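Dropping protein-v5.cif in here (mmCIF, C-alpha atoms):
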```
data_final
loop_
_atom_site.label_atom_id
_atom_site.label_comp_id
_atom_site.auth_asym_id
_atom_site.auth_seq_id
_atom_site.Cartn_x
_atom_site.Cartn_y
_atom_site.Cartn_z
CA MET Y 81 -66.34 79.70 113.85
CA ARG Y 82 -62.64 80.35 114.11
CA ALA Y 83 -60.36 77.28 114.12
CA ALA Y 84 -59.44 76.42 117.68
CA GLY Y 85 -55.96 77.51 118.63
CA SER Y 86 -55.39 79.60 115.53
CA ALA Y 87 -53.48 82.81 116.07
CA ARG Y 88 -55.62 85.94 115.76
CA PRO Y 89 -53.95 88.31 113.36
CA SER Y 90 -55.13 91.87 113.28
CA GLY Y 91 -55.94 93.14 109.81
CA ARG Y 92 -58.33 91.92 107.16
CA ARG Y 93 -59.51 88.39 106.74
CA GLY Y 94 -61.19 86.72 103.83
CA GLY Y 95 -64.37 84.85 104.84
CA GLU Y 96 -67.58 86.84 105.11
CA SER Y 97 -68.87 84.98 108.17
CA ASP Y 98 -65.59 85.57 109.99
CA THR Y 99 -65.70 89.25 109.08
CA ARG Y 100 -69.28 89.63 110.31
CA GLY Y 101 -68.33 87.81 113.50
CA ASP Y 102 -65.32 90.04 114.05
CA ILE Y 103 -67.42 93.15 113.54
CA ALA Y 104 -70.06 91.82 115.93
CA SER Y 105 -67.46 91.00 118.60
CA ALA Y 106 -65.88 94.44 118.33
CA ALA Y 107 -69.30 96.10 118.43
CA ARG Y 108 -70.41 94.16 121.50
CA ARG Y 109 -67.22 95.03 123.33
CA GLN Y 110 -67.41 98.73 122.48
CA PHE Y 111 -71.13 99.05 123.22
CA ALA Y 112 -70.50 97.48 126.63
CA GLU Y 113 -67.48 99.60 127.44
CA LEU Y 114 -68.36 102.98 125.93
CA GLY Y 115 -72.15 102.92 125.84
CA PHE Y 116 -74.27 103.44 122.77
CA ASP Y 117 -73.61 107.13 122.14
CA ARG Y 118 -69.84 106.98 122.27
CA THR Y 119 -69.47 103.84 120.18
CA SER Y 120 -68.76 104.68 116.54
CA MET Y 121 -68.98 102.46 113.48
CA ARG Y 122 -65.54 103.73 112.48
CA GLN Y 123 -63.95 102.55 115.73
CA VAL Y 124 -65.74 99.22 115.50
CA ALA Y 125 -64.38 98.80 111.98
CA ARG Y 126 -60.89 99.65 113.17
CA GLU Y 127 -60.98 97.09 115.99
CA ALA Y 128 -62.37 94.44 113.65
CA GLY Y 129 -59.69 95.23 111.08
CA VAL Y 130 -62.12 95.98 108.27
CA ASP Y 131 -63.09 98.94 106.14
CA PRO Y 132 -65.87 101.11 107.72
CA ALA Y 133 -67.89 100.72 104.52
CA LEU Y 134 -68.17 97.00 105.26
CA VAL Y 135 -69.79 97.71 108.62
CA SER Y 136 -72.40 99.89 106.89
CA HIS Y 137 -72.82 97.24 104.22
CA PHE Y 138 -73.57 94.50 106.75
CA TYR Y 139 -75.50 96.43 109.40
CA GLY Y 140 -76.82 99.67 107.86
CA SER Y 141 -76.71 102.04 110.82
CA LYS Y 142 -75.23 102.06 114.30
CA LEU Y 143 -78.63 101.17 115.67
CA GLY Y 144 -78.87 98.28 113.24
CA LEU Y 145 -75.45 97.14 114.41
CA PHE Y 146 -76.59 97.37 118.01
CA ALA Y 147 -79.92 95.66 117.45
CA GLU Y 148 -78.28 92.74 115.63
CA THR Y 149 -75.42 92.26 118.03
CA ALA Y 150 -77.33 92.89 121.25
CA GLN Y 151 -79.02 89.55 121.45
CA LEU Y 152 -79.54 87.99 124.83
CA PRO Y 153 -76.59 85.78 125.78
CA ILE Y 154 -79.08 82.97 126.37
CA ASP Y 155 -81.66 81.39 124.11
CA PRO Y 156 -85.15 81.65 125.66
CA VAL Y 157 -86.21 78.45 123.87
CA VAL Y 158 -83.43 76.58 125.66
CA VAL Y 159 -83.48 78.14 129.12
CA LEU Y 160 -87.23 78.52 129.61
CA PRO Y 161 -87.83 74.75 130.06
CA GLN Y 162 -84.80 74.59 132.35
CA VAL Y 163 -86.14 77.30 134.64
CA LEU Y 164 -89.57 75.70 134.64
CA ALA Y 165 -88.32 72.15 135.33
CA GLY Y 166 -88.50 71.33 139.04
CA PRO Y 167 -90.57 72.35 142.04
CA ARG Y 168 -92.69 75.47 141.56
CA ASP Y 169 -91.59 76.82 144.94
CA GLN Y 170 -88.00 76.99 143.63
CA VAL Y 171 -88.60 78.65 140.27
CA GLY Y 172 -87.26 81.93 141.71
CA LEU Y 173 -84.10 80.15 142.80
CA ARG Y 174 -83.57 78.63 139.36
CA LEU Y 175 -84.11 81.99 137.64
CA ALA Y 176 -81.78 83.73 140.13
CA ARG Y 177 -79.10 81.15 139.37
CA LEU Y 178 -79.53 81.68 135.63
CA VAL Y 179 -79.30 85.48 135.96
CA VAL Y 180 -76.23 85.37 138.20
CA ASP Y 181 -74.54 82.78 135.96
CA VAL Y 182 -75.05 84.99 132.92
CA LEU Y 183 -73.69 88.04 134.76
CA THR Y 184 -70.72 86.08 136.07
CA ASP Y 185 -69.71 84.95 132.60
CA GLU Y 186 -67.64 87.68 130.92
CA GLU Y 187 -69.27 87.40 127.51
CA GLY Y 188 -72.77 87.20 128.97
CA ARG Y 189 -72.18 90.18 131.23
CA SER Y 190 -70.77 92.23 128.36
CA ARG Y 191 -73.91 91.67 126.31
CA VAL Y 192 -76.37 92.42 129.10
CA VAL Y 193 -74.46 95.52 130.21
CA ALA Y 194 -74.40 96.76 126.60
CA LEU Y 195 -78.16 96.37 126.40
CA VAL Y 196 -78.81 98.18 129.66
CA ARG Y 197 -76.37 101.01 128.87
CA ALA Y 198 -77.76 101.62 125.41
CA ALA Y 199 -81.34 101.46 126.63
CA ALA Y 200 -80.59 104.32 129.01
CA SER Y 201 -80.06 106.81 126.21
CA GLU Y 202 -81.62 105.28 123.10
CA PRO Y 203 -85.37 104.61 122.88
CA ALA Y 204 -84.88 102.10 120.07
CA ALA Y 205 -82.41 100.19 122.22
CA ALA Y 206 -84.89 100.24 125.10
CA HIS Y 207 -87.27 98.61 122.65
CA VAL Y 208 -84.75 95.82 122.05
CA LEU Y 209 -84.38 95.28 125.78
CA ARG Y 210 -88.15 95.24 126.23
CA ASP Y 211 -88.73 92.76 123.43
CA ARG Y 212 -85.83 90.43 124.01
CA LEU Y 213 -85.68 90.16 127.76
CA THR Y 214 -89.29 90.71 128.71
CA HIS Y 215 -91.33 89.45 125.80
CA ASP Y 216 -89.19 86.46 124.79
CA LEU Y 217 -88.25 85.20 128.24
CA LEU Y 218 -89.84 86.74 131.32
CA LEU Y 219 -93.42 87.00 130.11
CA PRO Y 220 -93.62 83.36 128.92
CA LEU Y 221 -92.07 82.39 132.24
CA ALA Y 222 -94.62 84.34 134.28
CA GLN Y 223 -97.40 82.90 132.13
CA SER Y 224 -96.19 79.33 132.53
CA VAL Y 225 -95.85 79.64 136.29
CA GLY Y 226 -99.47 80.78 136.37
CA GLY Y 227 -101.33 83.32 138.46
CA PRO Y 228 -102.91 86.68 137.73
CA ASP Y 229 -101.41 89.52 135.72
CA PRO Y 230 -98.32 87.88 134.18
CA GLU Y 231 -97.39 91.12 132.36
CA TYR Y 232 -97.07 92.97 135.66
CA ARG Y 233 -95.14 90.15 137.33
CA ALA Y 234 -92.76 89.84 134.35
CA ALA Y 235 -92.16 93.59 134.49
CA LEU Y 236 -91.27 93.41 138.19
CA VAL Y 237 -88.78 90.61 137.46
CA MET Y 238 -87.29 92.67 134.66
CA ALA Y 239 -86.94 95.67 137.02
CA GLN Y 240 -85.04 93.50 139.49
CA VAL Y 241 -82.72 91.95 136.90
CA VAL Y 242 -81.95 95.29 135.29
CA GLY Y 243 -81.47 96.90 138.70
CA LEU Y 244 -78.95 94.27 139.74
CA THR Y 245 -77.07 94.63 136.44
CA PHE Y 246 -77.05 98.39 136.78
CA ALA Y 247 -76.02 98.56 140.43
CA ARG Y 248 -73.39 95.84 140.16
CA HIS Y 249 -71.84 96.42 136.75
CA VAL Y 250 -72.63 99.99 135.69
CA VAL Y 251 -72.56 101.94 138.95
CA ALA Y 252 -70.22 99.26 140.36
CA LEU Y 253 -71.46 99.42 143.94
CA ALA Y 254 -68.66 97.77 145.87
CA PRO Y 255 -70.63 95.30 148.02
CA LEU Y 256 -72.49 93.98 144.99
CA ALA Y 257 -69.43 93.95 142.76
CA SER Y 258 -67.51 91.88 145.30
CA ALA Y 259 -70.38 89.62 146.45
CA THR Y 260 -70.00 85.94 145.60
CA PRO Y 261 -72.38 84.47 143.04
CA ASP Y 262 -73.91 82.32 145.81
CA ASP Y 263 -74.63 85.37 147.98
CA LEU Y 264 -76.31 87.11 145.05
CA VAL Y 265 -78.39 84.06 144.23
CA ALA Y 266 -79.49 83.85 147.86
CA SER Y 267 -80.49 87.55 147.86
CA LEU Y 268 -82.22 87.43 144.51
CA ALA Y 269 -84.07 84.12 144.73
CA PRO Y 270 -86.80 85.06 147.25
CA ILE Y 271 -87.54 88.30 145.37
CA LEU Y 272 -87.92 86.58 142.02
CA GLN Y 273 -89.97 83.84 143.66
CA ALA Y 274 -92.30 86.44 145.18
CA HIS Y 275 -92.68 88.24 141.85
CA LEU Y 276 -93.28 85.06 139.85
CA VAL Y 277 -95.46 83.05 142.22
CA GLY Y 278 -96.61 85.53 144.85
CA HIS Y 279 -95.74 85.98 148.47
CA PRO Y 280 -95.99 82.92 150.71
CA MET U 107 -87.22 132.00 143.96
CA ARG U 108 -89.30 133.48 141.19
CA ALA U 109 -92.20 135.71 142.26
CA ALA U 110 -95.37 133.65 142.23
CA GLY U 111 -97.54 134.31 139.22
CA SER U 112 -94.96 136.33 137.36
CA ALA U 113 -94.83 135.77 133.62
CA ARG U 114 -91.76 133.90 132.45
CA PRO U 115 -90.09 135.89 129.70
CA SER U 116 -87.49 134.19 127.57
CA GLY U 117 -84.28 136.15 127.26
CA ARG U 118 -81.79 137.40 129.80
CA ARG U 119 -82.59 138.30 133.34
CA GLY U 120 -80.61 140.31 135.80
CA GLY U 121 -80.20 138.56 139.16
CA GLU U 122 -77.38 136.04 139.44
CA SER U 123 -79.35 133.62 141.61
CA ASP U 124 -82.23 133.62 139.14
CA THR U 125 -79.83 133.03 136.28
CA ARG U 126 -78.17 130.12 138.06
CA GLY U 127 -81.60 128.71 138.86
CA ASP U 128 -82.74 129.02 135.25
CA ILE U 129 -79.60 127.28 134.02
CA ALA U 130 -80.07 124.53 136.59
CA SER U 131 -83.73 124.02 135.62
CA ALA U 132 -82.89 123.84 131.93
CA ALA U 133 -80.02 121.46 132.64
CA ARG U 134 -82.14 119.13 134.75
CA ARG U 135 -84.83 119.01 132.09
CA GLN U 136 -82.40 118.31 129.25
CA PHE U 137 -80.37 115.73 131.17
CA ALA U 138 -83.61 113.89 131.96
CA GLU U 139 -84.95 114.06 128.44
CA LEU U 140 -81.84 113.64 126.30
CA GLY U 141 -79.45 111.83 128.59
CA PHE U 142 -75.98 113.00 129.53
CA ASP U 143 -74.23 112.56 126.19
CA ARG U 144 -76.74 114.43 124.07
CA THR U 145 -77.21 117.34 126.43
CA SER U 146 -75.02 120.29 125.46
CA MET U 147 -74.09 123.34 127.47
CA ARG U 148 -75.00 125.45 124.45
CA GLN U 149 -78.56 124.09 124.34
CA VAL U 150 -78.92 124.50 128.09
CA ALA U 151 -77.81 128.12 127.74
CA ARG U 152 -80.31 128.67 124.94
CA GLU U 153 -83.21 127.28 126.96
CA ALA U 154 -82.20 129.33 129.99
CA GLY U 155 -81.91 132.44 127.82
CA VAL U 156 -78.31 133.17 128.77
CA ASP U 157 -74.97 133.33 127.04
CA PRO U 158 -73.16 129.93 126.92
CA ALA U 159 -70.13 131.58 128.52
CA LEU U 160 -72.21 132.12 131.65
CA VAL U 161 -72.92 128.40 131.93
CA SER U 162 -69.18 127.71 131.80
CA HIS U 163 -68.55 130.52 134.25
CA PHE U 164 -70.97 129.08 136.82
CA TYR U 165 -70.44 125.34 136.32
CA GLY U 166 -67.12 124.78 134.53
CA SER U 167 -67.85 121.69 132.48
CA LYS U 168 -70.89 119.69 131.47
CA LEU U 169 -70.04 117.19 134.16
CA GLY U 170 -69.80 119.99 136.69
CA LEU U 171 -73.21 121.18 135.56
CA PHE U 172 -74.59 117.68 135.94
CA ALA U 173 -72.99 117.01 139.31
CA GLU U 174 -74.32 120.29 140.73
CA THR U 175 -77.81 120.00 139.32
CA ALA U 176 -78.29 116.28 139.85
CA GLN U 177 -79.04 116.42 143.51
CA LEU U 178 -81.55 114.02 144.97
CA PRO U 179 -85.05 115.47 144.92
CA ILE U 180 -85.25 114.74 148.64
CA ASP U 181 -83.05 115.81 151.52
CA PRO U 182 -81.67 112.75 153.37
CA VAL U 183 -81.50 114.76 156.60
CA VAL U 184 -85.25 115.35 156.38
CA VAL U 185 -86.53 112.02 155.07
CA LEU U 186 -84.29 109.63 157.01
CA PRO U 187 -86.03 110.28 160.37
CA GLN U 188 -89.42 110.01 158.62
CA VAL U 189 -88.61 106.58 157.18
CA LEU U 190 -87.23 105.43 160.53
CA ALA U 191 -90.19 106.71 162.58
CA GLY U 192 -92.71 103.95 163.24
CA PRO U 193 -92.70 100.17 163.59
CA ARG U 194 -89.55 98.44 162.38
CA ASP U 195 -91.60 95.82 160.54
CA GLN U 196 -92.99 98.58 158.28
CA VAL U 197 -89.77 100.40 157.42
CA GLY U 198 -89.86 98.80 153.96
CA LEU U 199 -93.37 100.10 153.44
CA ARG U 200 -92.39 103.63 154.44
CA LEU U 201 -89.36 103.58 152.13
CA ALA U 202 -91.46 102.15 149.28
CA ARG U 203 -93.98 104.98 149.75
CA LEU U 204 -91.19 107.56 149.68
CA VAL U 205 -89.65 106.11 146.51
CA VAL U 206 -92.98 105.88 144.69
CA ASP U 207 -93.98 109.39 145.81
CA VAL U 208 -90.73 110.80 144.43
CA LEU U 209 -91.19 108.96 141.13
CA THR U 210 -94.82 110.06 140.88
CA ASP U 211 -93.93 113.74 141.27
CA GLU U 212 -92.86 115.14 137.90
CA GLU U 213 -89.93 117.16 139.19
CA GLY U 214 -88.73 114.31 141.41
CA ARG U 215 -88.97 111.80 138.60
CA SER U 216 -87.12 114.08 136.22
CA ARG U 217 -84.18 114.35 138.62
CA VAL U 218 -83.94 110.65 139.40
CA VAL U 219 -84.28 109.65 135.76
CA ALA U 220 -81.54 112.14 134.83
CA LEU U 221 -79.25 110.57 137.42
CA VAL U 222 -79.92 107.02 136.24
CA ARG U 223 -79.59 107.90 132.54
CA ALA U 224 -76.32 109.75 133.00
CA ALA U 225 -74.90 107.05 135.25
CA ALA U 226 -75.39 104.55 132.43
CA SER U 227 -72.82 106.20 130.20
CA GLU U 228 -70.73 108.42 132.46
CA PRO U 229 -68.56 106.96 135.24
CA ALA U 230 -68.41 110.29 137.05
CA ALA U 231 -72.19 110.46 137.03
CA ALA U 232 -72.35 106.93 138.39
CA HIS U 233 -70.18 108.25 141.18
CA VAL U 234 -72.77 110.94 141.93
CA LEU U 235 -75.52 108.35 142.02
CA ARG U 236 -73.45 106.14 144.30
CA ASP U 237 -72.62 108.94 146.71
CA ARG U 238 -75.94 110.71 146.81
CA LEU U 239 -78.42 107.88 146.84
CA THR U 240 -76.46 105.15 148.53
CA HIS U 241 -74.04 106.90 150.84
CA ASP U 242 -76.26 109.79 151.98
CA LEU U 243 -79.54 107.94 152.33
CA LEU U 244 -79.63 104.17 151.97
CA LEU U 245 -76.53 103.27 153.94
CA PRO U 246 -77.48 105.37 157.01
CA LEU U 247 -80.93 103.83 156.75
CA ALA U 248 -79.59 100.27 156.67
CA GLN U 249 -77.26 101.11 159.55
CA SER U 250 -80.03 102.61 161.67
CA VAL U 251 -82.35 99.66 161.11
CA GLY U 252 -79.56 97.42 162.36
CA GLY U 253 -78.40 93.96 161.40
CA PRO U 254 -75.30 92.60 159.70
CA ASP U 255 -73.62 93.97 156.58
CA PRO U 256 -75.44 97.29 156.07
CA GLU U 257 -73.35 98.10 152.98
CA TYR U 258 -74.61 94.98 151.21
CA ARG U 259 -78.23 95.59 152.26
CA ALA U 260 -78.08 99.24 151.15
CA ALA U 261 -76.69 98.13 147.79
CA LEU U 262 -79.55 95.67 147.30
CA VAL U 263 -82.07 98.44 148.06
CA MET U 264 -80.31 100.72 145.60
CA ALA U 265 -80.46 97.99 142.92
CA GLN U 266 -84.20 97.69 143.45
CA VAL U 267 -84.88 101.43 143.36
CA VAL U 268 -82.75 101.96 140.27
CA GLY U 269 -84.30 98.91 138.60
CA LEU U 270 -87.80 100.23 139.16
CA THR U 271 -86.83 103.67 137.84
CA PHE U 272 -85.19 102.13 134.81
CA ALA U 273 -87.94 99.67 133.95
CA ARG U 274 -90.78 102.11 134.55
CA HIS U 275 -89.42 105.41 133.26
CA VAL U 276 -86.53 104.65 130.91
CA VAL U 277 -87.55 101.40 129.22
CA ALA U 278 -91.20 102.34 129.91
CA LEU U 279 -92.49 98.82 130.43
CA ALA U 280 -96.22 99.22 130.00
CA PRO U 281 -97.50 97.37 133.10
CA LEU U 282 -95.15 99.34 135.37
CA ALA U 283 -95.75 102.65 133.61
CA SER U 284 -99.51 102.28 134.05
CA ALA U 285 -99.51 100.72 137.53
CA THR U 286 -101.06 102.85 140.27
CA PRO U 287 -98.74 104.22 142.96
CA ASP U 288 -100.51 101.99 145.51
CA ASP U 289 -99.86 98.86 143.44
CA LEU U 290 -96.20 99.77 143.14
CA VAL U 291 -95.89 100.44 146.86
CA ALA U 292 -97.49 97.06 147.57
CA SER U 293 -95.05 95.29 145.23
CA LEU U 294 -91.99 97.18 146.44
CA ALA U 295 -92.60 97.21 150.21
CA PRO U 296 -91.92 93.51 151.02
CA ILE U 297 -88.73 93.55 148.93
CA LEU U 298 -87.34 96.64 150.63
CA GLN U 299 -88.39 95.25 154.00
CA ALA U 300 -86.55 91.99 153.29
CA HIS U 301 -83.42 93.85 152.17
CA LEU U 302 -83.42 96.23 155.12
CA VAL U 303 -84.45 93.95 157.96
CA GLY U 304 -84.09 90.43 156.59
CA HIS U 305 -86.59 87.80 155.59
CA PRO U 306 -89.29 86.95 158.11
#
```

Take the structure in the file and write it out as structure tokens.
Amino acid sequence: MRAAGSARPSGRRGGESDTRGDIASAARRQFAELGFDRTSMRQVAREAGVDPALVSHFYGSKLGLFAETAQLPIDPVVVLPQVLAGPRDQVGLRLARLVVDVLTDEEGRSRVVALVRAAASEPAAAHVLRDRLTHDLLLPLAQSVGGPDPEYRAALVMAQVVGLTFARHVVALAPLASATPDDLVASLAPILQAHLVGHP
Amino acid sequence: MRAAGSARPSGRRGGESDTRGDIASAARRQFAELGFDRTSMRQVAREAGVDPALVSHFYGSKLGLFAETAQLPIDPVVVLPQVLAGPRDQVGLRLARLVVDVLTDEEGRSRVVALVRAAASEPAAAHVLRDRLTHDLLLPLAQSVGGPDPEYRAALVMAQVVGLTFARHVVALAPLASATPDDLVASLAPILQAHLVGHP
């Protein structure tokens, strides 16, 4: 979007797509850091260097801004075949690796944390989390892996992923915050495997 | 505290302990329902039928009110020996039963949900969650069960418990919200067992 290596001036810019992108970046950062309730469209506008009226023009309300910017940091259409490719007895391992990779990446973590934080206080944001994470990714995964009651199994996976995000990045429990990605994958993989495929 | 069967008038009451208790009840209910940010000391005072100045007098700030009212619905000193009593290969089952029982009880659920919701947006509330749930209950449990790295294992248990609370009662994922307590215990027990004692 932005030319590589260009300096990033604060203040207004011309192109509409750049402006939307700047607003979205500022919104994602503030939702992640402050939570839904304490993020304001005015502060987002200030950080993006645009007039607050432009934020309303593009996104309508704060919830509209959240719903549009709080997309999953991964595309289910892309990652679903990747998680499914390979031995069925390692699907939990591949999903664990995907989850930990997303949470290790700063941009990915910021988006997931924003979703989880907002969902805690805003029913409409909980709806986004439910639809995006569960319906678009985890349910098709549980269905493809096969077995009874995919809705229930997808929900258990979702509980585990959200719980890890919450404990590690919101509550910041020290042993989880400082664990290596490999340790987390090793802890998470057998749980996700059991939820997706069943206990051995 | 209140005489059994007595009618519950709205409006002021005399005894200080009753007044504190009424404020605490109103606060717990509003924190659970509205989240930390949208709960106000004024509204808590109104529901409790007292002057807002009394709420400040007893609790100082909203965070003070939260920290004092957001105690765990169980007493670690009481439940820890109960979870530890019995075969070591069923400690996960006993903890799963305790967690599901607390979340099935309306008052217990309301307190835990309030904690989780507030922790999502309020660092000081996350601190309460960390200290109360992890330090007072899960860490001593992981230490008593034995094995390496109890801090890490307690943190994994905490992630699972918070994830279940979040997915079932905050995001309200349908298959978890409608699951029977026995189903949830069956799903949760092997995970908690693996975190506490290690994989078989």

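For the set Y:Leu178, Y:Leu160, Y:Leu143, Y:Leu268, the residue with the smallest atom-to-atom gap to Y:Gly243 is Y:Leu268, counting only C-alpha atoms.
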
Handout entry: Residue list as a list in words for point (-79.2, 94.1, 150.3), cut-off 10 Å, all atoms listed in the file
Key = Pro255, Leu256, Leu264, Ser267 and Leu268 of chain Y; Ala248, Asp255, Pro256, Glu257, Tyr258, Arg259, Ala260, Ala261, Leu262, Val263, Met264, Ala265, Gln266, Ile297, Leu298, Gln299, Ala300, His301, Leu302, Val303 and Gly304 of chain U

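Across Y:Thr149, Y:Ser136, Y:Ser201, Y:Thr184, the tightest approach to chain U is made by Y:Ser201 when counting only C-alpha atoms.
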
Problem - Which of U:Ala133, U:Ser146, U:Gly198, U:Arg238 sits closest to U:Leu178 [using only C-alpha atoms] - result: U:Arg238

Would you pick out the contacts of U:Phe137 at 12 Å or less, using all atoms listed in the file, so that residues sharing its chain but fewer than 5 positions from it are not included, and give the list as a tab-separated table (two decimals) with C-alpha atoms, in the coordinates of the input?
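Output below, filename around.tsv:
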```
chain	number	residue	atom	x	y	z
Y	200	ALA	CA	-80.59	104.32	129.01
Y	201	SER	CA	-80.06	106.81	126.21
U	129	ILE	CA	-79.60	127.28	134.02
U	130	ALA	CA	-80.07	124.53	136.59
U	131	SER	CA	-83.73	124.02	135.62
U	132	ALA	CA	-82.89	123.84	131.93
U	142	PHE	CA	-75.98	113.00	129.53
U	143	ASP	CA	-74.23	112.56	126.19
U	144	ARG	CA	-76.74	114.43	124.07
U	145	THR	CA	-77.21	117.34	126.43
U	146	SER	CA	-75.02	120.29	125.46
U	147	MET	CA	-74.09	123.34	127.47
U	149	GLN	CA	-78.56	124.09	124.34
U	150	VAL	CA	-78.92	124.50	128.09
U	168	LYS	CA	-70.89	119.69	131.47
U	169	LEU	CA	-70.04	117.19	134.16
U	171	LEU	CA	-73.21	121.18	135.56
U	172	PHE	CA	-74.59	117.68	135.94
U	173	ALA	CA	-72.99	117.01	139.31
U	175	THR	CA	-77.81	120.00	139.32
U	176	ALA	CA	-78.29	116.28	139.85
U	216	SER	CA	-87.12	114.08	136.22
U	217	ARG	CA	-84.18	114.35	138.62
U	218	VAL	CA	-83.94	110.65	139.40
U	219	VAL	CA	-84.28	109.65	135.76
U	220	ALA	CA	-81.54	112.14	134.83
U	221	LEU	CA	-79.25	110.57	137.42
U	222	VAL	CA	-79.92	107.02	136.24
U	223	ARG	CA	-79.59	107.90	132.54
U	224	ALA	CA	-76.32	109.75	133.00
U	225	ALA	CA	-74.90	107.05	135.25
U	231	ALA	CA	-72.19	110.46	137.03
```

Exercise for the section: Considering only C-alpha atoms, state which residue in the set U:Ala273, U:Val291, U:Ala280, U:Val234 is at the smallest distance from chain Y. Expected result: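 Between U:Ala273, U:Val291, U:Ala280, U:Val234, the residue approaching chain Y most closely is U:Ala273.
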
Practice task
Report the distance between atom CA of U:His163 and atom CA of U:Arg135 in Å, rounded to one decimal place.
Solution key: 20.1 Å
